[in-house]
$ cat entry_11.pdb   # PDB, C-alpha atoms and all ligand atoms
ATOM      1  CA  MET A   1     146.003  37.307 132.725
ATOM      2  CA  HIS A   2     144.543  34.384 130.741
ATOM      3  CA  ASN A   3     146.028  31.909 133.176
ATOM      4  CA  ALA A   4     144.299  33.948 135.896
ATOM      5  CA  GLU A   5     141.023  33.902 133.942
ATOM      6  CA  GLU A   6     140.935  30.095 133.964
ATOM      7  CA  SER A   7     141.836  30.018 137.668
ATOM      8  CA  ILE A   8     139.074  32.540 138.447
ATOM      9  CA  ARG A   9     136.534  30.344 136.650
ATOM     10  CA  GLU A  10     137.742  27.228 138.505
ATOM     11  CA  ALA A  11     137.505  29.020 141.851
ATOM     12  CA  ALA A  12     134.023  30.354 141.016
ATOM     13  CA  LYS A  13     132.821  26.916 139.899
ATOM     14  CA  LYS A  14     134.109  25.324 143.098
ATOM     15  CA  LEU A  15     132.535  27.949 145.337
ATOM     16  CA  LEU A  16     129.138  27.679 143.632
ATOM     17  CA  SER A  17     129.066  23.890 143.339
ATOM     18  CA  GLU A  18     130.122  23.425 146.977
ATOM     19  CA  LYS A  19     127.461  25.987 147.928
ATOM     20  CA  LYS A  20     130.008  28.123 149.762
ATOM     21  CA  VAL A  21     128.517  31.236 148.123
ATOM     22  CA  ASP A  22     125.123  32.158 146.652
ATOM     23  CA  LEU A  23     126.492  34.528 144.047
ATOM     24  CA  ILE A  24     129.744  35.418 142.298
ATOM     25  CA  VAL A  25     130.420  39.027 141.280
ATOM     26  CA  GLY A  26     132.923  39.283 138.462
ATOM     27  CA  HIS A  27     133.423  40.793 135.018
ATOM     28  CA  GLU A  28     132.001  39.688 131.666
ATOM     29  CA  GLN A  29     132.717  40.856 128.144
ATOM     30  CA  GLY A  30     130.948  44.110 127.327
ATOM     31  CA  THR A  31     129.112  44.881 124.109
ATOM     32  CA  LEU A  32     131.766  47.348 122.905
ATOM     33  CA  PRO A  33     135.475  46.781 122.214
ATOM     34  CA  LEU A  34     137.786  47.350 125.217
ATOM     35  CA  ARG A  35     134.793  47.118 127.555
ATOM     36  CA  THR A  36     133.780  44.685 130.267
ATOM     37  CA  THR A  37     130.803  44.941 132.558
ATOM     38  CA  PRO A  38     130.175  43.659 136.094
ATOM     39  CA  CYS A  39     128.233  40.381 136.140
ATOM     40  CA  PHE A  40     126.435  38.370 138.779
ATOM     41  CA  ILE A  41     126.596  34.590 138.478
ATOM     42  CA  ASP A  42     124.540  32.162 140.516
ATOM     43  CA  LYS A  43     124.745  29.041 138.286
ATOM     44  CA  VAL A  44     127.807  26.917 137.567
ATOM     45  CA  GLU A  45     126.888  26.789 133.849
ATOM     46  CA  ASP A  46     127.223  30.585 133.616
ATOM     47  CA  VAL A  47     130.769  30.645 135.038
ATOM     48  CA  PRO A  48     132.451  30.616 131.555
ATOM     49  CA  LYS A  49     131.099  34.148 131.124
ATOM     50  CA  LEU A  50     133.723  35.394 133.577
ATOM     51  CA  VAL A  51     136.639  37.210 131.969
ATOM     52  CA  TRP A  52     139.831  38.703 133.338
ATOM     53  CA  ASN A  53     141.815  41.248 131.358
ATOM     54  CA  GLU A  54     143.102  44.829 131.216
ATOM     55  CA  ASN A  55     139.557  46.146 130.696
ATOM     56  CA  CYS A  56     138.132  44.840 133.977
ATOM     57  CA  ASP A  57     138.029  48.323 135.433
ATOM     58  CA  ALA A  58     134.934  48.320 137.655
ATOM     59  CA  ASN A  59     135.785  48.258 141.361
ATOM     60  CA  LEU A  60     133.510  45.387 142.374
ATOM     61  CA  SER A  61     133.659  46.048 146.101
ATOM     62  CA  LYS A  62     130.872  48.572 145.442
ATOM     63  CA  TYR A  63     128.497  45.643 144.845
ATOM     64  CA  LEU A  64     129.129  44.032 148.233
ATOM     65  CA  ILE A  65     127.879  46.912 150.351
ATOM     66  CA  GLY A  66     124.831  46.042 152.400
ATOM     67  CA  ARG A  67     124.323  42.606 150.752
ATOM     68  CA  LYS A  68     122.950  39.786 152.847
ATOM     69  CA  GLU A  69     123.932  36.849 150.560
ATOM     70  CA  ARG A  70     127.211  34.962 150.789
ATOM     71  CA  MET A  71     129.143  36.412 147.861
ATOM     72  CA  GLY A  72     132.285  35.514 146.001
ATOM     73  CA  VAL A  73     134.008  38.498 144.429
ATOM     74  CA  VAL A  74     136.795  38.774 141.883
ATOM     75  CA  ALA A  75     139.202  41.372 143.252
ATOM     76  CA  LYS A  76     142.325  43.060 141.945
ATOM     77  CA  GLY A  77     144.605  44.924 144.362
ATOM     78  CA  CYS A  78     142.567  48.116 144.645
ATOM     79  CA  ASP A  79     139.232  46.224 144.877
ATOM     80  CA  ALA A  80     140.559  44.127 147.764
ATOM     81  CA  ARG A  81     141.831  47.254 149.490
ATOM     82  CA  SER A  82     138.433  48.960 149.273
ATOM     83  CA  ILE A  83     136.793  45.743 150.529
ATOM     84  CA  ALA A  84     139.134  46.001 153.536
ATOM     85  CA  VAL A  85     138.180  49.643 154.170
ATOM     86  CA  CYS A  86     134.444  48.924 153.857
ATOM     87  CA  THR A  87     134.766  45.845 156.085
ATOM     88  CA  PHE A  88     136.507  47.901 158.735
ATOM     89  CA  GLU A  89     133.697  50.466 158.453
ATOM     90  CA  LYS A  90     131.126  47.664 158.910
ATOM     91  CA  GLN A  91     129.584  48.053 155.450
ATOM     92  CA  ILE A  92     130.688  44.569 154.366
ATOM     93  CA  VAL A  93     130.416  41.462 156.516
ATOM     94  CA  ARG A  94     133.770  39.728 156.001
ATOM     95  CA  ASP A  95     132.383  36.269 156.851
ATOM     96  CA  ASN A  96     129.842  36.589 154.023
ATOM     97  CA  VAL A  97     132.470  37.330 151.393
ATOM     98  CA  VAL A  98     134.958  35.063 149.655
ATOM     99  CA  ILE A  99     137.595  37.167 147.914
ATOM    100  CA  ILE A 100     138.967  35.580 144.734
ATOM    101  CA  GLY A 101     142.206  37.554 144.506
ATOM    102  CA  ALA A 102     143.415  38.160 140.953
ATOM    103  CA  PRO A 103     146.758  39.513 139.702
ATOM    104  CA  CYS A 104     146.537  42.819 137.878
ATOM    105  CA  SER A 105     148.787  44.117 135.117
ATOM    106  CA  GLY A 106     147.139  47.547 135.011
ATOM    107  CA  LEU A 107     144.078  48.847 133.211
ATOM    108  CA  ILE A 108     143.842  50.357 129.766
ATOM    109  CA  ASP A 109     142.851  54.017 129.835
ATOM    110  CA  LYS A 110     140.058  54.230 127.255
ATOM    111  CA  LYS A 111     140.195  58.012 127.254
ATOM    112  CA  LYS A 112     143.848  57.892 126.158
ATOM    113  CA  VAL A 113     142.979  55.324 123.475
ATOM    114  CA  ARG A 114     140.091  57.469 122.251
ATOM    115  CA  THR A 115     142.446  60.365 121.513
ATOM    116  CA  LYS A 116     144.100  58.148 118.896
ATOM    117  CA  LEU A 117     140.825  57.325 117.166
ATOM    118  CA  GLU A 118     140.198  60.942 116.104
ATOM    119  CA  GLY A 119     136.435  60.450 116.281
ATOM    120  CA  LYS A 120     136.404  57.207 114.262
ATOM    121  CA  GLU A 121     134.263  54.324 115.499
ATOM    122  CA  LEU A 122     136.154  51.443 117.072
ATOM    123  CA  LEU A 123     134.783  48.071 115.950
ATOM    124  CA  GLU A 124     137.371  45.598 117.187
ATOM    125  CA  ALA A 125     140.199  45.594 119.727
ATOM    126  CA  THR A 126     142.629  42.961 120.953
ATOM    127  CA  ILE A 127     145.436  43.184 123.495
ATOM    128  CA  GLU A 128     148.333  40.784 122.943
ATOM    129  CA  ASP A 129     152.098  40.788 123.389
ATOM    130  CA  GLU A 130     152.046  44.210 125.057
ATOM    131  CA  GLN A 131     150.273  45.733 122.061
ATOM    132  CA  ILE A 132     146.760  47.065 121.581
ATOM    133  CA  GLN A 133     145.385  46.391 118.102
ATOM    134  CA  LEU A 134     142.437  48.522 117.039
ATOM    135  CA  LYS A 135     140.284  48.136 113.945
ATOM    136  CA  GLY A 136     137.423  50.112 112.482
ATOM    137  CA  GLU A 137     135.925  51.088 109.128
ATOM    138  CA  GLY A 138     138.948  51.794 106.928
ATOM    139  CA  PHE A 139     141.602  51.910 109.668
ATOM    140  CA  GLU A 140     143.902  49.695 111.724
ATOM    141  CA  LEU A 141     146.109  50.904 114.543
ATOM    142  CA  VAL A 142     148.708  49.183 116.721
ATOM    143  CA  LEU A 143     149.550  50.962 119.972
ATOM    144  CA  PRO A 144     152.150  50.066 122.624
ATOM    145  CA  LYS A 145     150.159  49.025 125.706
ATOM    146  CA  LYS A 146     152.570  50.685 128.138
ATOM    147  CA  ASP A 147     151.624  54.155 126.823
ATOM    148  CA  PHE A 148     147.907  53.595 127.433
ATOM    149  CA  VAL A 149     147.852  52.341 131.015
ATOM    150  CA  CYS A 150     145.762  54.278 133.576
ATOM    151  CA  SER A 151     147.815  56.719 135.636
ATOM    152  CA  SER A 152     146.734  55.079 138.928
ATOM    153  CA  CYS A 153     148.055  51.731 137.641
ATOM    154  CA  LEU A 154     151.425  53.150 136.585
ATOM    155  CA  THR A 155     152.333  53.928 140.182
ATOM    156  CA  CYS A 156     150.328  51.158 141.898
ATOM    157  CA  ARG A 157     152.332  49.133 144.416
ATOM    158  CA  HIS A 158     149.637  46.608 145.261
ATOM    159  CA  LYS A 159     148.756  44.807 142.045
ATOM    160  CA  THR A 160     148.411  41.605 144.029
ATOM    161  CA  PRO A 161     145.520  41.990 146.481
ATOM    162  CA  PRO A 162     146.830  42.353 150.045
ATOM    163  CA  ILE A 163     143.758  40.453 151.297
ATOM    164  CA  TYR A 164     142.139  37.379 149.647
ATOM    165  CA  ASP A 165     140.738  33.928 150.414
ATOM    166  CA  VAL A 166     141.585  32.140 147.173
ATOM    167  CA  PHE A 167     144.245  33.321 144.767
ATOM    168  CA  ALA A 168     143.798  32.912 141.006
ATOM    169  CA  GLY A 169     146.889  32.903 138.792
ATOM    170  CA  THR A 170     150.390  34.112 139.562
ATOM    171  CA  LYS A 171     151.152  36.874 142.036
ATOM    172  CA  VAL A 172     152.625  40.147 140.754
ATOM    173  CA  PRO A 173     155.665  41.255 142.773
ATOM    174  CA  GLU A 174     155.297  44.551 144.618
ATOM    175  CA  VAL A 175     157.090  47.263 142.625
ATOM    176  CA  GLU A 176     159.061  50.140 144.099
ATOM    177  CA  ALA A 177     157.250  52.813 142.065
ATOM    178  CA  ASP A 178     157.288  56.425 143.294
ATOM    179  CA  GLU A 179     153.614  56.330 144.143
ATOM    180  CA  PHE A 180     153.355  60.095 144.661
ATOM    181  CA  SER A 181     155.204  61.272 141.550
ATOM    182  CA  ASP A 182     151.903  62.434 140.070
ATOM    183  CA  VAL A 183     151.434  65.142 142.710
ATOM    184  CA  ALA A 184     154.933  66.625 142.332
ATOM    185  CA  ASP A 185     153.714  69.308 139.890
ATOM    186  CA  LEU A 186     150.861  70.237 142.186
ATOM    187  CA  GLU A 187     153.166  70.533 145.187
ATOM    188  CA  ALA A 188     155.582  72.731 143.241
ATOM    189  CA  LYS A 189     152.841  75.343 142.846
ATOM    190  CA  SER A 190     152.305  78.162 145.347
ATOM    191  CA  SER A 191     149.004  78.056 147.246
ATOM    192  CA  LYS A 192     147.668  80.835 144.994
ATOM    193  CA  GLU A 193     148.649  78.878 141.874
ATOM    194  CA  ARG A 194     147.088  75.737 143.313
ATOM    195  CA  TRP A 195     143.820  77.555 143.958
ATOM    196  CA  THR A 196     143.789  78.842 140.359
ATOM    197  CA  HIS A 197     144.643  75.344 139.102
ATOM    198  CA  PHE A 198     141.740  73.722 140.979
ATOM    199  CA  LYS A 199     139.363  76.543 140.050
ATOM    200  CA  GLU A 200     140.130  76.007 136.362
ATOM    201  CA  ALA A 201     139.875  72.221 136.634
ATOM    202  CA  LEU A 202     136.648  72.144 138.656
ATOM    203  CA  ASP A 203     134.949  74.876 136.658
ATOM    204  CA  LYS A 204     134.286  72.162 134.024
ATOM    205  CA  CYS A 205     132.319  70.010 136.518
ATOM    206  CA  ILE A 206     128.672  69.460 135.557
ATOM    207  CA  ARG A 207     127.734  67.917 138.966
ATOM    208  CA  CYS A 208     126.696  64.609 137.410
ATOM    209  CA  TYR A 209     128.084  62.796 140.504
ATOM    210  CA  ALA A 210     129.474  59.911 138.440
ATOM    211  CA  CYS A 211     132.663  60.240 140.524
ATOM    212  CA  ARG A 212     130.690  59.726 143.719
ATOM    213  CA  ASP A 213     128.459  56.959 142.381
ATOM    214  CA  VAL A 214     131.365  54.873 141.161
ATOM    215  CA  CYS A 215     133.480  55.290 144.301
ATOM    216  CA  PRO A 216     133.433  52.190 146.521
ATOM    217  CA  LEU A 217     133.805  54.420 149.564
ATOM    218  CA  CYS A 218     130.863  56.734 148.828
ATOM    219  CA  TYR A 219     128.178  54.519 150.302
ATOM    220  CA  CYS A 220     126.115  56.934 152.443
ATOM    221  CA  LYS A 221     122.389  56.320 151.954
ATOM    222  CA  THR A 222     121.866  60.075 151.736
ATOM    223  CA  CYS A 223     124.878  61.937 150.439
ATOM    224  CA  PHE A 224     125.382  65.450 151.829
ATOM    225  CA  VAL A 225     124.872  66.843 148.313
ATOM    226  CA  ASP A 226     121.390  65.338 148.055
ATOM    227  CA  GLN A 227     120.230  66.355 151.484
ATOM    228  CA  THR A 228     117.460  68.950 151.465
ATOM    229  CA  MET A 229     116.744  69.374 155.194
ATOM    230  CA  PRO A 230     118.963  71.205 155.787
ATOM    231  CA  ILE A 231     120.483  72.087 152.419
ATOM    232  CA  TRP A 232     124.188  72.314 153.162
ATOM    233  CA  PHE A 233     125.081  74.158 149.981
ATOM    234  CA  GLY A 234     123.686  75.100 146.578
ATOM    235  CA  LYS A 235     122.984  72.596 143.821
ATOM    236  CA  THR A 236     124.156  74.757 140.945
ATOM    237  CA  THR A 237     127.252  74.384 138.796
ATOM    238  CA  ASP A 238     128.531  77.750 140.030
ATOM    239  CA  LEU A 239     132.145  77.351 140.961
ATOM    240  CA  SER A 240     131.558  78.013 144.671
ATOM    241  CA  ASP A 241     129.000  75.164 144.914
ATOM    242  CA  THR A 242     131.132  72.823 142.822
ATOM    243  CA  MET A 243     134.209  73.584 144.901
ATOM    244  CA  ILE A 244     132.381  72.747 148.121
ATOM    245  CA  TYR A 245     131.226  69.421 146.695
ATOM    246  CA  HIS A 246     134.770  68.453 145.726
ATOM    247  CA  LEU A 247     136.449  69.713 148.882
ATOM    248  CA  VAL A 248     133.973  67.966 151.183
ATOM    249  CA  ARG A 249     134.233  64.731 149.175
ATOM    250  CA  ALA A 250     138.031  64.950 149.403
ATOM    251  CA  PHE A 251     137.725  65.204 153.198
ATOM    252  CA  HIS A 252     135.297  62.272 153.236
ATOM    253  CA  VAL A 253     137.681  59.973 151.389
ATOM    254  CA  ALA A 254     140.884  61.201 153.081
ATOM    255  CA  GLY A 255     142.657  58.236 154.643
ATOM    256  CA  ARG A 256     140.213  55.856 152.935
ATOM    257  CA  CYS A 257     140.870  56.335 149.216
ATOM    258  CA  VAL A 258     142.683  53.350 147.682
ATOM    259  CA  ASP A 259     143.611  55.145 144.429
ATOM    260  CA  CYS A 260     141.595  52.797 142.241
ATOM    261  CA  GLY A 261     141.148  55.698 139.816
ATOM    262  CA  ALA A 262     137.476  54.874 139.219
ATOM    263  CA  CYS A 263     136.362  58.473 139.886
ATOM    264  CA  SER A 264     138.705  59.945 137.265
ATOM    265  CA  ARG A 265     137.796  57.251 134.734
ATOM    266  CA  ALA A 266     134.076  57.918 135.226
ATOM    267  CA  CYS A 267     134.268  61.704 134.820
ATOM    268  CA  PRO A 268     132.705  62.731 131.499
ATOM    269  CA  MET A 269     134.490  66.087 131.689
ATOM    270  CA  ASN A 270     137.958  64.503 131.994
ATOM    271  CA  ILE A 271     138.691  66.203 135.313
ATOM    272  CA  ASN A 272     141.784  64.766 136.958
ATOM    273  CA  LEU A 273     140.154  64.068 140.333
ATOM    274  CA  ARG A 274     142.952  61.711 141.227
ATOM    275  CA  GLU A 275     145.315  64.637 141.774
ATOM    276  CA  LEU A 276     143.356  65.890 144.791
ATOM    277  CA  MET A 277     142.786  62.380 146.178
ATOM    278  CA  LYS A 278     146.439  61.419 145.749
ATOM    279  CA  LYS A 279     147.575  64.530 147.599
ATOM    280  CA  THR A 280     145.350  63.657 150.580
ATOM    281  CA  GLU A 281     146.715  60.094 150.451
ATOM    282  CA  LYS A 282     150.244  61.486 150.603
ATOM    283  CA  ILE A 283     149.393  63.647 153.623
ATOM    284  CA  MET A 284     148.029  60.552 155.406
ATOM    285  CA  LYS A 285     151.190  58.628 154.611
ATOM    286  CA  GLU A 286     153.512  61.397 155.787
ATOM    287  CA  ARG A 287     151.635  62.316 158.961
ATOM    288  CA  TYR A 288     150.369  58.917 160.088
ATOM    289  CA  ASN A 289     152.401  56.391 158.077
ATOM    290  CA  TYR A 290     149.086  54.977 156.924
ATOM    291  CA  THR A 291     148.027  53.460 153.608
ATOM    292  CA  ALA A 292     144.349  52.565 153.293
ATOM    293  CA  GLY A 293     143.150  49.014 152.823
ATOM    294  CA  LEU A 294     146.296  47.032 153.493
ATOM    295  CA  SER A 295     145.059  45.464 156.691
ATOM    296  CA  LEU A 296     141.823  44.544 158.413
ATOM    297  CA  GLU A 297     143.342  45.174 161.833
ATOM    298  CA  LYS A 298     145.142  48.525 161.671
ATOM    299  CA  VAL A 299     142.832  51.329 162.792
ATOM    300  CA  PRO A 300     142.751  54.206 160.253
ATOM    301  CA  PRO A 301     144.051  57.533 161.649
ATOM    302  CA  LEU A 302     140.689  59.256 161.243
ATOM    303  CA  GLY A 303     138.840  56.254 162.651
ATOM    304  CA  GLU A 304     140.138  56.353 166.179
ATOM    305  CA  PHE A 305     139.691  58.633 169.168
ATOM    306  CA  LYS A 306     142.027  58.843 172.132
ATOM    307  CA  MET A 307     141.012  60.545 175.370
ATOM    308  CA  ASP A 308     144.656  61.462 175.979
ATOM    309  CA  ASP A 309     145.181  62.936 172.506
ATOM    310  CA  SER A 310     147.222  66.114 172.908
ATOM    311  CA  GLN A 311     144.887  68.004 170.525
ATOM    312  CA  GLU A 312     147.525  70.669 170.044
ATOM    313  CA  PHE A 313     145.698  71.901 166.947
ATOM    314  CA  ILE A 314     142.985  73.585 169.089
ATOM    315  CA  LYS A 315     145.321  75.113 171.655
TER     316      LYS A 315
HETATM  317  S1  LIG A 401     145.376  50.503 140.817
HETATM  318 FE1  LIG A 401     146.693  48.647 140.909
HETATM  319  S2  LIG A 401     145.356  46.957 141.400
HETATM  320 FE2  LIG A 401     144.061  48.681 140.780
HETATM  321  S3  LIG A 401     143.679  48.359 138.631
HETATM  322 FE3  LIG A 401     145.495  49.650 138.741
HETATM  323  S4  LIG A 401     147.272  48.273 138.796
HETATM  324 FE4  LIG A 401     145.446  47.058 139.176
HETATM  325  S1  LIG A 402     138.056  58.513 145.603
HETATM  326 FE1  LIG A 402     138.343  57.766 143.488
HETATM  327  S2  LIG A 402     140.310  56.706 143.565
HETATM  328 FE2  LIG A 402     139.660  56.937 145.697
HETATM  329  S3  LIG A 402     138.566  55.037 146.186
HETATM  330 FE3  LIG A 402     137.026  56.526 145.451
HETATM  331  S4  LIG A 402     136.835  56.116 143.242
HETATM  332 FE4  LIG A 402     138.739  55.121 143.942
HETATM  333  S1  LIG A 403     132.188  62.946 137.454
HETATM  334 FE1  LIG A 403     133.228  64.829 136.781
HETATM  335  S2  LIG A 403     131.594  66.166 136.053
HETATM  336 FE2  LIG A 403     130.616  64.550 137.241
HETATM  337  S3  LIG A 403     130.462  65.419 139.334
HETATM  338 FE3  LIG A 403     132.365  64.269 139.253
HETATM  339  S4  LIG A 403     133.915  65.780 138.675
HETATM  340 FE4  LIG A 403     131.921  66.669 138.187
END
$ encode --input "entry_11.pdb" --output "structure tokens" --more "lines below"
Ligand code: SF4
Ligand code: SF4
Ligand code: SF4
Amino acid sequence: MHNAEESIREAAKKLLSEKKVDLIVGHEQGTLPLRTTPCFIDKVEDVPKLVWNENCDANLSKYLIGRKERMGVVAKGCDARSIAVCTFEKQIVRDNVVIIGAPCSGLIDKKKVRTKLEGKELLEATIEDEQIQLKGEGFELVLPKKDFVCSSCLTCRHKTPPIYDVFAGTKVPEVEADEFSDVADLEAKSSKERWTHFKEALDKCIRCYACRDVCPLCYCKTCFVDQTMPIWFGKTTDLSDTMIYHLVRAFHVAGRCVDCGACSRACPMNINLRELMKKTEKIMKERYNYTAGLSLEKVPPLGEFKMDDSQEFIK
């Protein structure tokens, strides 16, 4: 990743100095250990701020929506895939964006790491040689990195962005992971058990909408949950209202979700939202042989209308 970090900085410097872009969106070191934050760079002298590591978890395609400037963006596989979806949906102007593709080795799941801290404050963290070293007041811990990788990254098959303009670093070969292994348990349940499972999981939801706000594909100016004329459903945390929010959002991202995992990572209540999204992704794959964000040309199954469609489902 450090080789990639240098290459990202070189690419950013070149793009800014040749005035090919007005702004670079990338990641910079955060103020807490294991954290990075999105950053916006418009001067060559600020380029050294850019970092690239296992903590660069923000999906930066979110910051390209509706922008008028020419922007360079640092993109891992899932970021590039959501850029492709949003470009196809005319939310991003492809000609205004230079994608600096970056190889990804998977993100560290901070929630998993936190379980090892047992409430102690983390003051320092380094990731080297496949190990995570953590230090705080009176403790030191060394954890194997492989056990603390985000679930979406464990089964990701597109760690090298499928779409980019400049590539930084060395490409990661596509792996033959069973990308739907995480929904096997869900599928083994009866429909009654599944309903109970989702009821129990979603009952914890506090309707903070962090999952929506972080999702690169939730870009509607007025989300259906905020609409007041008409009000489509209640704004309480009663299970029936919460369920509707999650079911409608699942329909909205069906065939578009790129499994970046940002929604699950953002949830303060640790709800495994990915399970529902991954199941819809699997349905899309099985019924339409479609995976979102791999191409700028292929029309998504829910994005096309054919006059001669048999429409057998309404017969
Ligand atoms: S889903 Fe893939 S591309 Fe995205 S962060 Fe995880 S490993 Fe990287
Ligand atoms: S629904 Fe979740 S996993 Fe899918 S694109 Fe949005 S944030 Fe990423
Ligand atoms: S982030 Fe979690 S708690 Fe907040 S609305 Fe989404 S599921 Fe509910």
$ atom_distance --input "entry_11.pdb" --atom1 "atom CA of Glu118 of chain A" --atom2 "atom CA of Glu275 of chain A"
26.4 Å
$ residues_around --input "entry_11.pdb" --residues "Cys267 of chain A" --least-positions-apart "4" --cutoff "10 Å" --atoms "only C-alpha atoms" --output "list in words"
Cys205, Ile206, Arg207, Cys208, Tyr209, Ala210, Cys211, Arg212, Val214, Ala262, Cys263, Ile271, Asn272 and Leu273 of chain A
$ write_last_selection --input "entry_11.pdb" --atoms "C-alpha atoms" --output "PDB file, keeping the file's coordinate frame"
ATOM      1  CA  CYS A 205     132.319  70.010 136.518  1.00  0.00           C
ATOM      2  CA  ILE A 206     128.672  69.460 135.557  1.00  0.00           C
ATOM      3  CA  ARG A 207     127.734  67.917 138.966  1.00  0.00           C
ATOM      4  CA  CYS A 208     126.696  64.609 137.410  1.00  0.00           C
ATOM      5  CA  TYR A 209     128.084  62.796 140.504  1.00  0.00           C
ATOM      6  CA  ALA A 210     129.474  59.911 138.440  1.00  0.00           C
ATOM      7  CA  CYS A 211     132.663  60.240 140.524  1.00  0.00           C
ATOM      8  CA  ARG A 212     130.690  59.726 143.719  1.00  0.00           C
ATOM      9  CA  VAL A 214     131.365  54.873 141.161  1.00  0.00           C
ATOM     10  CA  ALA A 262     137.476  54.874 139.219  1.00  0.00           C
ATOM     11  CA  CYS A 263     136.362  58.473 139.886  1.00  0.00           C
ATOM     12  CA  ILE A 271     138.691  66.203 135.313  1.00  0.00           C
ATOM     13  CA  ASN A 272     141.784  64.766 136.958  1.00  0.00           C
ATOM     14  CA  LEU A 273     140.154  64.068 140.333  1.00  0.00           C
TER      15      LEU A 273
END
$ resolve_selection --input "entry_11.pdb" --expression "the PyMOL selection byres (((chain A and resi 104) around 12) and not hetatm)" --output "JSON, numbers by chain"
{"A": [1, 2, 3, 4, 5, 52, 53, 54, 55, 56, 57, 74, 75, 76, 77, 78, 79, 80, 101, 102, 103, 105, 106, 107, 108, 149, 153, 154, 156, 157, 158, 159, 160, 161, 167, 168, 169, 170, 171, 172, 173, 174, 260]}
$ axis_aligned_box --input "entry_11.pdb" --around "segment 209-225 of chain A" --padding-each-side "3 Å" --output "JSON"
{"center_x": 127.8, "center_y": 59.5, "center_z": 145.4, "size_x": 17.9, "size_y": 20.7, "size_z": 20.0}
$ closest_residue --input "entry_11.pdb" --among "A:Ser264, A:Ser7, A:Thr237, A:Gln131" --to "ligand LIG 402 (chain A)" --atoms "only C-alpha atoms and all ligand atoms"
A:Ser264
$ atom_distance --input "entry_11.pdb" --atom1 "atom CA of Phe139 of chain A" --atom2 "atom CA of Lys111 of chain A"
18.7 Å
$ residues_around --input "entry_11.pdb" --residues "segment 144-147 of chain A" --least-positions-apart "6" --cutoff "9 Å" --atoms "only C-alpha atoms" --output "MDAnalysis selection string"
chainID A and resid 108 112 127:133 154
$ write_last_selection --input "entry_11.pdb" --atoms "C-alpha atoms" --output "tab-separated table (two decimals), in the coordinates of the input"
chain	number	residue	atom	x	y	z
A	108	ILE	CA	143.84	50.36	129.77
A	112	LYS	CA	143.85	57.89	126.16
A	127	ILE	CA	145.44	43.18	123.50
A	128	GLU	CA	148.33	40.78	122.94
A	129	ASP	CA	152.10	40.79	123.39
A	130	GLU	CA	152.05	44.21	125.06
A	131	GLN	CA	150.27	45.73	122.06
A	132	ILE	CA	146.76	47.06	121.58
A	133	GLN	CA	145.38	46.39	118.10
A	154	LEU	CA	151.43	53.15	136.58
$ residues_near_ligand --input "entry_11.pdb" --ligand "ligand LIG 402 (chain A)" --cutoff "10 Å" --atoms "all atoms listed in the file" --output "PyMOL selection string"
chain A and resi 58-59+62+78-79+81-82+85+152+210-218+249-250+252-266+273-278+281+292
$ atom_distance --input "entry_11.pdb" --atom1 "atom CA of Gly26 of chain A" --atom2 "atom CA of Leu60 of chain A"
7.3 Å
$ residues_near_point --input "entry_11.pdb" --point "(150.8, 70.8, 143.9)" --cutoff "10 Å" --atoms "all atoms listed in the file" --output "number ranges by chain"
A: 182-191, 193-195, 197-198, 275-276, 279
$ closest_residue --input "entry_11.pdb" --among "A:Met71, A:Val299, A:Met284, A:Ala201" --to "ligand LIG 403 (chain A)" --atoms "all atoms listed in the file"
A:Ala201
$ resolve_selection --input "entry_11.pdb" --expression "the PyMOL selection byres (((chain A and resi 28) around 6) and not hetatm)" --output "VMD selection string"
chain A and resid 27 29 36 to 37 39 49 to 51
$ closest_residue --input "entry_11.pdb" --among "A:Ser61, A:Tyr288, A:Gln91, A:Thr126" --to "ligand LIG 401 (chain A)" --atoms "all atoms listed in the file"
A:Ser61
$ build_atoms --input "entry_11.pdb" --residues "segment 284-292 of chain A" --atoms "N, CA and C atoms" --output "mmCIF file, in the coordinates of the input"
data_model
loop_
_atom_site.group_PDB
_atom_site.id
_atom_site.type_symbol
_atom_site.label_atom_id
_atom_site.label_comp_id
_atom_site.auth_asym_id
_atom_site.auth_seq_id
_atom_site.Cartn_x
_atom_site.Cartn_y
_atom_site.Cartn_z
ATOM 1 N N MET A 284 148.277 61.638 154.436
ATOM 2 C CA MET A 284 148.029 60.552 155.406
ATOM 3 C C MET A 284 149.281 59.704 155.618
ATOM 4 N N LYS A 285 149.982 59.462 154.534
ATOM 5 C CA LYS A 285 151.190 58.628 154.611
ATOM 6 C C LYS A 285 152.270 59.365 155.414
ATOM 7 N N GLU A 286 152.445 60.648 155.127
ATOM 8 C CA GLU A 286 153.512 61.397 155.787
ATOM 9 C C GLU A 286 153.203 61.640 157.273
ATOM 10 N N ARG A 287 151.958 61.979 157.562
ATOM 11 C CA ARG A 287 151.635 62.316 158.961
ATOM 12 C C ARG A 287 151.385 61.102 159.837
ATOM 13 N N TYR A 288 150.787 60.051 159.246
ATOM 14 C CA TYR A 288 150.369 58.917 160.088
ATOM 15 C C TYR A 288 150.965 57.580 159.642
ATOM 16 N N ASN A 289 151.832 57.620 158.629
ATOM 17 C CA ASN A 289 152.401 56.391 158.077
ATOM 18 C C ASN A 289 151.302 55.370 157.792
ATOM 19 N N TYR A 290 150.247 55.834 157.148
ATOM 20 C CA TYR A 290 149.086 54.977 156.924
ATOM 21 C C TYR A 290 148.735 54.897 155.434
ATOM 22 N N THR A 291 148.520 53.688 154.971
ATOM 23 C CA THR A 291 148.027 53.460 153.608
ATOM 24 C C THR A 291 146.729 52.672 153.731
ATOM 25 N N ALA A 292 145.682 53.168 153.105
ATOM 26 C CA ALA A 292 144.349 52.565 153.293
ATOM 27 C C ALA A 292 144.246 51.170 152.678
#
